[in-house]
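S.K.: Take a look at final.txt, compact mmCIF, C-alpha atoms:
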```
# COMPACT_ATOMS: atom_id res chain seq x y z
CA MET A 14 -33.22 22.95 7.59
CA ASP A 15 -35.18 21.97 4.48
CA ILE A 16 -33.71 18.70 3.23
CA ALA A 17 -34.41 16.56 0.15
CA ILE A 18 -33.73 12.85 0.28
CA LEU A 19 -33.50 11.27 -3.17
CA GLY A 20 -34.21 7.55 -2.97
CA THR A 21 -36.57 5.36 -0.99
CA GLY A 22 -34.22 2.54 -0.02
CA VAL A 23 -32.89 1.72 3.44
CA VAL A 24 -30.31 4.51 3.30
CA GLY A 25 -32.84 7.18 2.32
CA ARG A 26 -35.48 6.08 4.81
CA THR A 27 -32.98 5.75 7.68
CA LEU A 28 -31.38 9.13 7.02
CA GLY A 29 -34.76 10.76 6.41
CA SER A 30 -36.23 9.53 9.68
CA ALA A 31 -33.19 10.60 11.69
CA LEU A 32 -33.29 14.06 10.13
CA VAL A 33 -37.00 14.44 10.90
CA ARG A 34 -36.31 13.42 14.51
CA ALA A 35 -33.59 16.09 14.58
CA GLY A 36 -36.21 18.69 13.66
CA HIS A 37 -35.66 19.13 9.95
CA VAL A 38 -38.26 19.36 7.22
CA VAL A 39 -37.59 16.36 4.97
CA ARG A 40 -39.04 15.59 1.54
CA MET A 41 -38.35 12.15 0.09
CA GLY A 42 -38.14 12.03 -3.69
CA SER A 43 -38.61 9.08 -6.00
CA ARG A 44 -39.38 8.30 -9.64
CA SER A 45 -43.11 8.77 -9.16
CA ALA A 46 -45.20 11.19 -7.09
CA SER A 47 -46.86 8.28 -5.28
CA HIS A 48 -44.17 5.74 -4.53
CA PRO A 49 -45.50 3.29 -1.89
CA ALA A 50 -42.23 3.11 0.07
CA ALA A 51 -42.00 6.92 0.16
CA ALA A 52 -45.65 7.26 1.18
CA ASP A 53 -45.23 4.68 3.97
CA TRP A 54 -42.09 6.43 5.15
CA ALA A 55 -43.76 9.87 5.18
CA ALA A 56 -46.77 8.49 7.10
CA GLN A 57 -44.53 6.98 9.77
CA ALA A 58 -41.73 9.54 10.03
CA GLY A 59 -44.02 12.13 11.57
CA ALA A 60 -44.55 15.85 11.20
CA GLY A 61 -42.02 17.39 8.85
CA ALA A 62 -41.94 14.39 6.49
CA SER A 63 -43.43 14.44 3.02
CA HIS A 64 -42.76 12.87 -0.37
CA GLY A 65 -43.02 13.50 -4.09
CA THR A 66 -41.02 13.21 -7.29
CA PHE A 67 -37.27 13.72 -7.31
CA ALA A 68 -37.91 17.25 -8.61
CA ASP A 69 -40.62 17.96 -5.99
CA ALA A 70 -38.25 16.92 -3.23
CA ALA A 71 -35.32 19.04 -4.40
CA GLU A 72 -37.37 22.18 -5.12
CA GLY A 73 -36.27 24.84 -2.66
CA ALA A 74 -34.31 22.45 -0.44
CA ASP A 75 -31.33 23.77 1.52
CA MET A 76 -29.54 20.48 1.00
CA VAL A 77 -30.08 17.52 -1.30
CA LEU A 78 -28.95 14.03 -0.25
CA ASN A 79 -28.43 11.53 -3.06
CA CYS A 80 -29.45 8.21 -1.52
CA THR A 81 -30.36 6.47 -4.76
CA GLY A 82 -28.53 3.35 -5.89
CA GLY A 83 -25.27 4.38 -7.52
CA MET A 84 -26.18 2.84 -10.87
CA ALA A 85 -29.34 5.00 -10.98
CA SER A 86 -28.00 8.22 -9.46
CA LEU A 87 -27.21 10.19 -12.60
CA GLU A 88 -30.62 9.47 -14.09
CA ALA A 89 -32.37 10.48 -10.85
CA LEU A 90 -30.38 13.71 -10.71
CA GLN A 91 -31.13 14.45 -14.38
CA SER A 92 -34.82 14.29 -13.51
CA VAL A 93 -34.21 16.88 -10.78
CA GLY A 94 -32.45 19.01 -13.35
CA ALA A 95 -29.43 21.26 -13.31
CA ALA A 96 -31.51 24.36 -12.54
CA ARG A 97 -32.76 22.98 -9.21
CA LEU A 98 -29.30 21.69 -8.27
CA GLY A 99 -27.40 24.86 -9.15
CA GLY A 100 -25.77 26.47 -6.10
CA ARG A 101 -27.19 23.76 -3.87
CA VAL A 102 -25.23 21.51 -1.48
CA LEU A 103 -25.59 18.01 -2.92
CA VAL A 104 -24.45 15.25 -0.58
CA ASP A 105 -23.58 12.14 -2.54
CA VAL A 106 -24.12 9.14 -0.27
CA ALA A 107 -24.27 6.59 -3.10
CA ASN A 108 -21.80 3.95 -4.19
CA PRO A 109 -21.63 2.72 -7.80
CA LEU A 110 -22.18 -0.92 -6.82
CA ASP A 111 -23.07 -3.23 -9.68
CA PHE A 112 -24.88 -6.34 -8.43
CA SER A 113 -25.75 -7.57 -11.93
CA ARG A 114 -23.21 -10.40 -11.64
CA GLY A 115 -24.20 -11.29 -8.07
CA MET A 116 -22.12 -11.06 -4.91
CA PRO A 117 -19.70 -9.53 -4.38
CA PRO A 118 -20.71 -6.50 -6.44
CA SER A 119 -18.16 -4.75 -8.63
CA LEU A 120 -17.95 -0.98 -9.05
CA SER A 121 -19.43 0.42 -12.27
CA VAL A 122 -16.85 3.22 -12.17
CA CYS A 123 -13.56 3.37 -10.29
CA ASN A 124 -9.79 3.87 -10.37
CA THR A 125 -9.50 6.86 -12.72
CA ASP A 126 -12.99 8.24 -12.06
CA SER A 127 -15.80 7.95 -9.52
CA LEU A 128 -19.52 8.48 -9.13
CA GLY A 129 -18.87 11.61 -7.09
CA GLU A 130 -16.81 13.09 -9.89
CA GLN A 131 -19.35 12.07 -12.54
CA ILE A 132 -22.07 13.87 -10.60
CA GLN A 133 -19.92 16.98 -10.13
CA ARG A 134 -19.10 17.02 -13.88
CA ALA A 135 -22.74 16.51 -14.86
CA PHE A 136 -23.88 19.33 -12.54
CA PRO A 137 -20.97 21.78 -12.36
CA GLU A 138 -23.07 24.35 -10.48
CA ALA A 139 -23.97 21.93 -7.72
CA ARG A 140 -21.79 21.93 -4.61
CA VAL A 141 -21.13 18.18 -4.39
CA VAL A 142 -19.89 16.69 -1.12
CA LYS A 143 -19.18 12.97 -0.98
CA ALA A 144 -20.01 11.72 2.51
CA LEU A 145 -21.47 8.83 4.52
CA ASN A 146 -20.81 6.26 1.76
CA THR A 147 -18.31 4.27 3.84
CA VAL A 148 -20.66 3.21 6.64
CA ASN A 149 -23.89 1.23 6.97
CA ALA A 150 -27.14 3.22 7.21
CA ASP A 151 -27.60 2.40 10.92
CA VAL A 152 -24.11 3.76 11.62
CA MET A 153 -24.74 6.89 9.52
CA VAL A 154 -27.38 8.01 12.00
CA ASN A 155 -25.87 6.44 15.13
CA PRO A 156 -22.07 6.42 15.03
CA ALA A 157 -22.05 5.07 18.61
CA LEU A 158 -23.18 1.69 17.23
CA VAL A 159 -19.47 1.24 16.60
CA SER A 160 -17.22 0.58 19.56
CA GLY A 161 -14.30 2.94 19.92
CA ASP A 162 -13.03 5.51 17.48
CA HIS A 163 -13.85 5.49 13.83
CA HIS A 164 -13.72 8.06 11.08
CA LEU A 165 -16.00 9.40 8.40
CA PHE A 166 -14.30 10.49 5.18
CA ILE A 167 -15.71 13.45 3.27
CA CYS A 168 -14.51 15.29 0.17
CA GLY A 169 -15.60 17.91 -2.31
CA ASN A 170 -14.43 21.00 -4.16
CA ASP A 171 -16.39 23.53 -2.08
CA GLY A 172 -15.02 24.15 1.40
CA ALA A 173 -18.11 25.98 2.65
CA ALA A 174 -20.34 23.15 1.45
CA LYS A 175 -18.18 20.64 3.31
CA GLU A 176 -18.50 22.75 6.46
CA GLN A 177 -22.29 22.76 6.10
CA VAL A 178 -22.33 18.99 5.71
CA ALA A 179 -20.00 18.51 8.68
CA GLY A 180 -22.36 20.76 10.64
CA LEU A 181 -25.36 18.59 9.79
CA LEU A 182 -23.43 15.42 10.66
CA THR A 183 -22.45 16.76 14.06
CA THR A 184 -25.59 18.61 15.09
CA SER A 185 -28.18 16.18 13.71
CA LEU A 186 -26.63 12.73 13.25
CA GLY A 187 -24.39 12.26 16.26
CA TRP A 188 -20.94 12.51 14.71
CA ARG A 189 -18.21 14.27 16.71
CA PRO A 190 -16.13 16.83 14.77
CA PRO A 191 -12.81 14.92 15.18
CA GLN A 192 -14.39 11.87 13.55
CA ILE A 193 -14.81 13.74 10.26
CA VAL A 194 -11.74 13.57 8.00
CA ASP A 195 -11.71 15.92 5.00
CA LEU A 196 -9.72 14.23 2.23
CA GLY A 197 -9.74 17.22 -0.10
CA ASP A 198 -11.36 17.69 -3.49
CA ILE A 199 -13.98 15.52 -5.14
CA THR A 200 -11.38 13.26 -6.79
CA ALA A 201 -11.01 11.66 -3.35
CA ALA A 202 -14.41 10.07 -4.04
CA ARG A 203 -12.37 7.45 -5.94
CA ALA A 204 -10.66 6.55 -2.69
CA THR A 205 -13.79 6.31 -0.55
CA GLU A 206 -15.87 4.47 -3.17
CA MET A 207 -13.00 2.02 -3.69
CA LEU A 208 -13.14 1.25 0.04
CA LEU A 209 -16.40 -0.62 -0.60
CA PRO A 210 -14.83 -3.96 -1.60
CA LEU A 211 -12.91 -3.96 1.70
CA TRP A 212 -16.05 -2.89 3.56
CA ILE A 213 -17.90 -5.90 2.12
CA ARG A 214 -15.09 -8.35 2.98
CA VAL A 215 -14.88 -7.05 6.54
CA MET A 216 -18.66 -7.28 6.91
CA GLN A 217 -18.53 -10.91 5.77
CA THR A 218 -15.58 -11.62 8.09
CA ILE A 219 -17.00 -10.14 11.30
CA GLY A 220 -20.64 -10.93 10.52
CA SER A 221 -22.02 -7.43 11.08
CA PRO A 222 -22.40 -4.21 9.09
CA HIS A 223 -22.05 -2.11 12.23
CA PHE A 224 -18.34 -1.33 12.08
CA GLY A 225 -16.20 1.61 11.09
CA PHE A 226 -12.73 2.29 9.79
CA ARG A 227 -10.35 4.34 11.86
CA VAL A 228 -7.11 5.94 10.73
CA SER A 229 -4.66 5.21 13.52
CA PRO A 230 -2.18 8.08 13.46
CA PRO A 231 1.61 7.98 13.48
CA ALA A 232 2.99 7.62 17.02
CA SER A 233 5.16 10.65 16.20
CA LEU A 234 2.15 12.93 15.68
CA PRO A 235 -0.36 14.09 18.27
CA ASP A 236 -3.60 12.16 17.83
CA SER A 237 -5.72 14.96 16.41
CA THR A 238 -8.10 12.67 14.54
CA ALA A 239 -9.86 10.95 17.42
CA MET B 26 13.96 -19.63 8.16
CA ASP B 27 15.39 -19.33 4.68
CA ILE B 28 13.67 -16.35 3.03
CA ALA B 29 13.83 -14.92 -0.50
CA ILE B 30 13.12 -11.23 -1.02
CA LEU B 31 12.30 -10.39 -4.64
CA GLY B 32 12.97 -6.72 -5.33
CA THR B 33 15.60 -4.21 -4.25
CA GLY B 34 13.37 -1.22 -3.50
CA VAL B 35 12.61 0.33 -0.13
CA VAL B 36 10.08 -2.40 0.73
CA GLY B 37 12.47 -5.25 -0.08
CA ARG B 38 15.47 -3.70 1.68
CA THR B 39 13.44 -2.75 4.77
CA LEU B 40 11.81 -6.17 5.11
CA GLY B 41 15.08 -7.94 4.30
CA SER B 42 17.03 -6.08 6.97
CA ALA B 43 14.37 -6.68 9.62
CA LEU B 44 14.27 -10.38 8.80
CA VAL B 45 18.09 -10.67 9.02
CA ARG B 46 17.95 -8.93 12.42
CA ALA B 47 15.34 -11.49 13.47
CA GLY B 48 17.82 -14.26 12.71
CA HIS B 49 16.68 -15.42 9.28
CA VAL B 50 18.82 -16.26 6.28
CA VAL B 51 17.73 -13.77 3.61
CA ARG B 52 18.61 -13.74 -0.09
CA MET B 53 17.64 -10.67 -2.08
CA GLY B 54 16.83 -11.32 -5.72
CA SER B 55 16.87 -8.91 -8.64
CA ARG B 56 17.03 -8.91 -12.44
CA SER B 57 20.82 -9.34 -12.48
CA ALA B 58 23.23 -11.33 -10.33
CA SER B 59 25.12 -8.13 -9.45
CA HIS B 60 22.52 -5.44 -8.80
CA PRO B 61 24.22 -2.51 -6.98
CA ALA B 62 21.31 -1.90 -4.58
CA ALA B 63 21.16 -5.60 -3.67
CA ALA B 64 24.94 -5.79 -3.21
CA ASP B 65 24.93 -2.68 -0.98
CA TRP B 66 22.05 -4.09 1.02
CA ALA B 67 23.76 -7.48 1.50
CA ALA B 68 27.00 -5.79 2.58
CA GLN B 69 25.21 -3.71 5.20
CA ALA B 70 22.53 -6.12 6.43
CA GLY B 71 25.11 -8.40 8.08
CA ALA B 72 25.61 -12.14 8.38
CA GLY B 73 22.75 -14.07 6.85
CA ALA B 74 22.23 -11.62 3.98
CA SER B 75 23.16 -12.38 0.39
CA HIS B 76 21.93 -11.54 -3.10
CA GLY B 77 21.58 -12.93 -6.60
CA THR B 78 19.11 -13.26 -9.43
CA PHE B 79 15.39 -13.69 -8.74
CA ALA B 80 15.88 -17.42 -9.36
CA ASP B 81 18.98 -17.63 -7.14
CA ALA B 82 17.07 -16.01 -4.30
CA ALA B 83 14.04 -18.28 -4.53
CA GLU B 84 16.00 -21.54 -4.90
CA GLY B 85 15.36 -23.62 -1.80
CA ALA B 86 13.73 -20.78 0.16
CA ASP B 87 11.13 -21.64 2.81
CA MET B 88 9.22 -18.48 1.91
CA VAL B 89 9.35 -16.05 -1.01
CA LEU B 90 8.32 -12.40 -0.53
CA ASN B 91 7.34 -10.53 -3.68
CA CYS B 92 8.52 -6.97 -3.03
CA THR B 93 8.88 -5.94 -6.65
CA GLY B 94 6.84 -3.10 -8.10
CA GLY B 95 3.38 -4.40 -8.93
CA MET B 96 3.72 -3.59 -12.63
CA ALA B 97 6.85 -5.79 -12.79
CA SER B 98 5.83 -8.59 -10.46
CA LEU B 99 4.57 -11.16 -12.95
CA GLU B 100 7.70 -10.81 -15.09
CA ALA B 101 9.95 -11.17 -12.03
CA LEU B 102 8.06 -14.27 -10.92
CA GLN B 103 8.23 -15.75 -14.43
CA SER B 104 12.00 -15.48 -14.22
CA VAL B 105 11.88 -17.44 -10.95
CA GLY B 106 9.77 -20.03 -12.72
CA ALA B 107 6.82 -22.18 -11.73
CA ALA B 108 9.05 -25.09 -10.69
CA ARG B 109 10.81 -23.09 -7.96
CA LEU B 110 7.52 -21.56 -6.76
CA GLY B 111 5.54 -24.82 -6.65
CA GLY B 112 4.45 -25.74 -3.13
CA ARG B 113 6.17 -22.66 -1.74
CA VAL B 114 4.60 -19.93 0.40
CA LEU B 115 4.66 -16.79 -1.77
CA VAL B 116 3.86 -13.60 0.12
CA ASP B 117 2.63 -10.93 -2.28
CA VAL B 118 3.47 -7.54 -0.78
CA ALA B 119 3.13 -5.63 -4.06
CA ASN B 120 0.47 -3.22 -5.25
CA PRO B 121 -0.30 -2.74 -8.94
CA LEU B 122 0.34 1.00 -8.84
CA ASP B 123 0.73 2.67 -12.23
CA PHE B 124 2.66 5.93 -11.95
CA SER B 125 2.93 6.40 -15.73
CA ARG B 126 0.42 9.28 -15.60
CA GLY B 127 1.98 10.84 -12.50
CA MET B 128 0.43 11.31 -9.08
CA PRO B 129 -1.85 9.98 -7.85
CA PRO B 130 -1.16 6.57 -9.39
CA SER B 131 -3.98 4.44 -10.74
CA LEU B 132 -4.19 0.68 -10.35
CA SER B 133 -3.21 -1.38 -13.40
CA VAL B 134 -5.71 -4.05 -12.32
CA CYS B 135 -8.65 -3.76 -9.93
CA ASN B 136 -12.38 -4.21 -9.31
CA THR B 137 -12.97 -7.63 -10.93
CA ASP B 138 -9.41 -8.89 -10.57
CA SER B 139 -6.23 -8.14 -8.62
CA LEU B 140 -2.49 -8.63 -8.75
CA GLY B 141 -2.74 -11.26 -6.01
CA GLU B 142 -5.22 -13.26 -8.10
CA GLN B 143 -3.14 -12.83 -11.27
CA ILE B 144 -0.12 -14.26 -9.46
CA GLN B 145 -2.10 -17.17 -8.03
CA ARG B 146 -3.51 -17.96 -11.49
CA ALA B 147 -0.09 -17.72 -13.14
CA PHE B 148 1.45 -20.03 -10.51
CA PRO B 149 -1.35 -22.34 -9.38
CA GLU B 150 1.06 -24.53 -7.36
CA ALA B 151 2.37 -21.58 -5.33
CA ARG B 152 0.70 -20.91 -1.98
CA VAL B 153 0.03 -17.20 -2.42
CA VAL B 154 -0.71 -15.03 0.63
CA LYS B 155 -1.45 -11.35 0.12
CA ALA B 156 -0.08 -9.43 3.09
CA LEU B 157 1.63 -6.22 4.21
CA ASN B 158 0.50 -4.26 1.12
CA THR B 159 -1.67 -1.84 3.12
CA VAL B 160 1.09 -0.27 5.22
CA ASN B 161 4.29 1.68 4.62
CA ALA B 162 7.57 -0.26 4.74
CA ASP B 163 8.59 1.29 8.07
CA VAL B 164 5.28 0.16 9.59
CA MET B 165 5.62 -3.36 8.10
CA VAL B 166 8.65 -3.98 10.31
CA ASN B 167 7.63 -1.79 13.25
CA PRO B 168 3.86 -1.72 13.77
CA ALA B 169 4.40 0.33 16.94
CA LEU B 170 5.25 3.34 14.74
CA VAL B 171 1.47 3.71 14.63
CA SER B 172 -0.30 5.00 17.72
CA GLY B 173 -3.07 2.80 19.01
CA ASP B 174 -4.66 -0.19 17.40
CA HIS B 175 -4.45 -0.92 13.73
CA HIS B 176 -4.98 -4.00 11.63
CA LEU B 177 -3.14 -5.89 8.94
CA PHE B 178 -5.32 -7.59 6.34
CA ILE B 179 -4.19 -10.90 4.87
CA CYS B 180 -5.84 -13.31 2.44
CA GLY B 181 -5.12 -16.40 0.41
CA ASN B 182 -6.50 -19.78 -0.56
CA ASP B 183 -4.19 -21.87 1.66
CA GLY B 184 -4.97 -21.74 5.36
CA ALA B 185 -1.71 -23.35 6.46
CA ALA B 186 0.26 -20.85 4.35
CA LYS B 187 -1.62 -17.96 6.00
CA GLU B 188 -0.74 -19.41 9.41
CA GLN B 189 2.93 -19.55 8.45
CA VAL B 190 2.85 -15.93 7.30
CA ALA B 191 1.02 -14.82 10.44
CA GLY B 192 3.69 -16.66 12.41
CA LEU B 193 6.48 -14.76 10.66
CA LEU B 194 4.66 -11.44 11.18
CA THR B 195 4.26 -12.04 14.90
CA THR B 196 7.57 -13.71 15.75
CA SER B 197 9.86 -11.63 13.51
CA LEU B 198 8.20 -8.32 12.61
CA GLY B 199 6.45 -7.21 15.79
CA TRP B 200 2.80 -7.73 14.88
CA ARG B 201 0.46 -9.00 17.61
CA PRO B 202 -1.86 -11.87 16.59
CA PRO B 203 -5.10 -9.88 17.12
CA GLN B 204 -3.85 -7.24 14.68
CA ILE B 205 -3.94 -9.75 11.81
CA VAL B 206 -7.33 -9.98 10.09
CA ASP B 207 -7.81 -12.90 7.69
CA LEU B 208 -10.24 -11.78 4.97
CA GLY B 209 -10.55 -15.20 3.33
CA ASP B 210 -9.48 -16.37 -0.09
CA ILE B 211 -7.20 -14.61 -2.56
CA THR B 212 -10.07 -12.69 -4.20
CA ALA B 213 -9.91 -10.42 -1.13
CA ALA B 214 -6.70 -9.05 -2.68
CA ARG B 215 -9.06 -6.84 -4.72
CA ALA B 216 -10.23 -5.27 -1.49
CA THR B 217 -6.81 -4.66 0.03
CA GLU B 218 -5.21 -3.43 -3.21
CA MET B 219 -8.17 -1.08 -3.76
CA LEU B 220 -7.45 0.44 -0.34
CA LEU B 221 -4.36 2.08 -1.84
CA PRO B 222 -6.13 5.17 -3.24
CA LEU B 223 -7.49 5.88 0.25
CA TRP B 224 -4.08 5.16 1.76
CA ILE B 225 -2.53 7.76 -0.55
CA ARG B 226 -5.20 10.39 0.24
CA VAL B 227 -4.83 9.85 3.98
CA MET B 228 -1.03 10.09 3.68
CA GLN B 229 -1.41 13.40 1.85
CA THR B 230 -3.96 14.63 4.42
CA ILE B 231 -2.02 13.81 7.59
CA GLY B 232 1.43 14.36 6.08
CA SER B 233 2.94 11.04 7.13
CA PRO B 234 3.05 7.46 5.81
CA HIS B 235 3.26 6.05 9.33
CA PHE B 236 -0.40 5.32 9.93
CA GLY B 237 -2.63 2.27 9.91
CA PHE B 238 -6.26 1.40 9.36
CA ARG B 239 -8.24 -0.14 12.16
CA VAL B 240 -11.60 -1.88 11.91
CA SER B 241 -13.59 -0.56 14.86
CA PRO B 242 -16.01 -3.33 15.78
CA PRO B 243 -19.74 -3.17 16.39
CA ALA B 244 -20.53 -2.09 19.92
CA SER B 245 -22.74 -5.18 20.11
CA LEU B 246 -19.83 -7.55 19.60
CA PRO B 247 -16.90 -8.21 21.95
CA ASP B 248 -13.82 -6.49 20.59
CA SER B 249 -11.89 -9.53 19.45
CA THR B 250 -9.91 -7.74 16.78
CA ALA B 251 -7.73 -5.50 18.91
```
Rewrite the structure of this file - the entire thing - as structure tokens.
M.R.:
Amino acid sequence: MDIAILGTGVVGRTLGSALVRAGHVVRMGSRSASHPAAADWAAQAGAGASHGTFADAAEGADMVLNCTGGMASLEALQSVGAARLGGRVLVDVANPLDFSRGMPPSLSVCNTDSLGEQIQRAFPEARVVKALNTVNADVMVNPALVSGDHHLFICGNDGAAKEQVAGLLTTSLGWRPPQIVDLGDITAARATEMLLPLWIRVMQTIGSPHFGFRVSPPASLPDSTA
Amino acid sequence: MDIAILGTGVVGRTLGSALVRAGHVVRMGSRSASHPAAADWAAQAGAGASHGTFADAAEGADMVLNCTGGMASLEALQSVGAARLGGRVLVDVANPLDFSRGMPPSLSVCNTDSLGEQIQRAFPEARVVKALNTVNADVMVNPALVSGDHHLFICGNDGAAKEQVAGLLTTSLGWRPPQIVDLGDITAARATEMLLPLWIRVMQTIGSPHFGFRVSPPASLPDSTA
């Protein structure tokens, strides 16, 4: 597959490298055509890796992964432009974390709206799927870093787009199909983004970012989720 | 133990009945001294159950459980009064869910504050412990309704108060000590209250309120949480 990674941070580099290893063609996009972190990444990630502007990366991609910081995501996507995003599967991995007042961060949007919804509203022709935003980058590409069962929550308005994303997660990133829980339409992005404060507290409590959340099912139901 | 339950809803009645069965003296408090739901509950819950005003219930109690609706909690606690709450363990079970715009509810406070923190600020002498707000009432009193491991998150500023609450959970409500995860001070109430939107989406997705969330630990760490 031809995949655009928007963002040069840990999440973008980790996902990009794993997708190159899985055999995909990956272009990393950033603000400038010659971003040092993107150039370093492309040099090290091997054949299939390249870099350019946000727009360069998204041009002709089968799937676009938004791995920018949540406070900068809308601006980055505006520089890609609605025309390049139209009809495209856009995986929103970002969280709207605001670190401007230090730790712990607050969310710049939540409760009655979410970053996922803002992106879908700003680009109504894009097929937005919120995914991967509830786990650390190392876990995104290696779910077995977590002991025992854990779940990945996804949501979006386009069922076929969600299936494509679930396919990438399972064939290229090591997730098993029963680990992926579809929460419905893009308004569920409120729920998964609002999990971040708990994620941060748990990380501080156990001293590691390599954990996952599992939904333990009712004893009265067959355990179909693990 | 002498326990006050504030609130006559499903949460208050379910917790109250379980605590009477466990041998505690339980007084259910409500706005009026003769609330029909509280009177019915007291008649059916058996010896050890009684009812009265919020203030009647809290008077002399070893522990006070706030089971009122989150939008009404501060007013209910004001009617108990700071003098009766001073030095007392106050378990805040409520969530600040605002149903005024229908389903799904929003939170009336979140992100940079929480109901748990509002209560602690309003009653600085009370020993507030946020607990039980991330599971359905049936699960609160019967954790085994959920298949497999799941966790209960608690937080608060007073370590001894948290130990007392953990003691009640384990000796009287069926929770095992490793299921109880202490997230630290009362600001963690933001995290557990903000889990409610995900709780609601999961409930809608699996079609049952009888589930729990489990933190699946890093594979690199011994599993000390389950």
S.K.: Would you mind listing, for every residue of chain A within 8 Å of chain B, the two atoms forming the shortest contact and the distance between them in Å to one decimal, using only C-alpha atoms, sorted by chain and ascending residue number, as CSV?
M.R.:
```
residue,atom,partner,partner_atom,distance
A:Ser119,CA,B:Asn136,CA,5.8
A:Leu120,CA,B:Asn136,CA,6.4
A:Cys123,CA,B:Asn136,CA,7.7
A:Asn124,CA,B:Ser131,CA,5.8
A:Thr125,CA,B:Ser131,CA,6.3
A:Ala157,CA,B:Ala244,CA,7.4
A:Leu158,CA,B:Ala244,CA,5.3
A:Val159,CA,B:Pro243,CA,4.4
A:Ser160,CA,B:Ala244,CA,4.3
A:Gly161,CA,B:Ser241,CA,6.2
A:Asp162,CA,B:Ser241,CA,6.6
A:His163,CA,B:Ser241,CA,6.1
A:Asp195,CA,B:Thr230,CA,7.9
A:Leu196,CA,B:Thr230,CA,6.2
A:Gly197,CA,B:Thr230,CA,7.8
A:Ala201,CA,B:Arg226,CA,6.9
A:Arg203,CA,B:Pro222,CA,7.2
A:Ala204,CA,B:Leu223,CA,4.4
A:Thr205,CA,B:Leu223,CA,6.4
A:Met207,CA,B:Met219,CA,5.7
A:Leu208,CA,B:Leu220,CA,5.8
A:Leu209,CA,B:Ala216,CA,7.8
A:Pro210,CA,B:Ala216,CA,4.8
A:Leu211,CA,B:Ala216,CA,4.4
A:Arg214,CA,B:Leu208,CA,6.3
A:Val215,CA,B:Leu208,CA,6.8
A:Thr218,CA,B:Leu208,CA,6.2
A:Ser221,CA,B:Pro243,CA,7.2
A:Pro222,CA,B:Pro243,CA,7.8
A:His223,CA,B:Pro243,CA,4.9
A:Phe224,CA,B:Pro242,CA,4.8
A:Gly225,CA,B:Ser241,CA,5.1
A:Phe226,CA,B:Val240,CA,4.8
A:Arg227,CA,B:Arg239,CA,5.0
A:Val228,CA,B:Phe238,CA,4.8
A:Ser229,CA,B:Gly237,CA,5.1
A:Pro230,CA,B:Phe236,CA,4.8
A:Pro231,CA,B:Val171,CA,4.4
A:Ala232,CA,B:Ser172,CA,4.3
A:Ser233,CA,B:Leu170,CA,7.5
A:Asp236,CA,B:Ser172,CA,7.9
```
S.K.: Using all atoms listed in the file, determine which residues lie at most 7 Å from Leu177 in chain B, disregarding the query and same-chain residues fewer than 5 positions distant; provide the list as a PyMOL selection string.
M.R.: chain B and resi 157+204-206
S.K.: Keeping only C-alpha atoms, write those residues as a CSV table (one decimal), in the coordinates of the input.
M.R.:
```
chain,number,residue,atom,x,y,z
B,157,LEU,CA,1.6,-6.2,4.2
B,204,GLN,CA,-3.8,-7.2,14.7
B,205,ILE,CA,-3.9,-9.8,11.8
B,206,VAL,CA,-7.3,-10.0,10.1
```
S.K.: Taking all atoms listed in the file into account, name the residue in A:Met84, A:Ala58, A:Ala70, A:Ile199 that is nearest to Arg40 in chain A.
M.R.: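 Of the candidates, the smallest distance to Arg40 in chain A is held by A:Ala70.
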S.K.: CA of Gly59 in chain A and CA of Thr27 in chain A are how many Å apart?
M.R.: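 Atom-to-atom, CA of Gly59 in chain A to CA of Thr27 in chain A, that is 13.3 Å.
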S.K.: How many Å separate CA of Gly65 in chain A from CA of Gln131 in chain A?
M.R.: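 It comes out at 25.2 Å.
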S.K.: Would you pick out the contacts of range 134-142 of chain A at 10 Å or less, using only C-alpha atoms, so that residues sharing its chain but fewer than 6 positions from it are not included, and give the list as a PyMOL selection string?
M.R.: chain A and resi 76-79+87+90-91+94-106+128+167-179+198-199+202
S.K.: Keeping only C-alpha atoms, write those residues as a CSV table (one decimal), in the frame of the given file.
M.R.:
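The resulting result-v6.csv:
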```csv
chain,number,residue,atom,x,y,z
A,76,MET,CA,-29.5,20.5,1.0
A,77,VAL,CA,-30.1,17.5,-1.3
A,78,LEU,CA,-29.0,14.0,-0.2
A,79,ASN,CA,-28.4,11.5,-3.1
A,87,LEU,CA,-27.2,10.2,-12.6
A,90,LEU,CA,-30.4,13.7,-10.7
A,91,GLN,CA,-31.1,14.4,-14.4
A,94,GLY,CA,-32.4,19.0,-13.4
A,95,ALA,CA,-29.4,21.3,-13.3
A,96,ALA,CA,-31.5,24.4,-12.5
A,97,ARG,CA,-32.8,23.0,-9.2
A,98,LEU,CA,-29.3,21.7,-8.3
A,99,GLY,CA,-27.4,24.9,-9.2
A,100,GLY,CA,-25.8,26.5,-6.1
A,101,ARG,CA,-27.2,23.8,-3.9
A,102,VAL,CA,-25.2,21.5,-1.5
A,103,LEU,CA,-25.6,18.0,-2.9
A,104,VAL,CA,-24.4,15.2,-0.6
A,105,ASP,CA,-23.6,12.1,-2.5
A,106,VAL,CA,-24.1,9.1,-0.3
A,128,LEU,CA,-19.5,8.5,-9.1
A,167,ILE,CA,-15.7,13.4,3.3
A,168,CYS,CA,-14.5,15.3,0.2
A,169,GLY,CA,-15.6,17.9,-2.3
A,170,ASN,CA,-14.4,21.0,-4.2
A,171,ASP,CA,-16.4,23.5,-2.1
A,172,GLY,CA,-15.0,24.2,1.4
A,173,ALA,CA,-18.1,26.0,2.6
A,174,ALA,CA,-20.3,23.2,1.4
A,175,LYS,CA,-18.2,20.6,3.3
A,176,GLU,CA,-18.5,22.8,6.5
A,177,GLN,CA,-22.3,22.8,6.1
A,178,VAL,CA,-22.3,19.0,5.7
A,179,ALA,CA,-20.0,18.5,8.7
A,198,ASP,CA,-11.4,17.7,-3.5
A,199,ILE,CA,-14.0,15.5,-5.1
A,202,ALA,CA,-14.4,10.1,-4.0
```
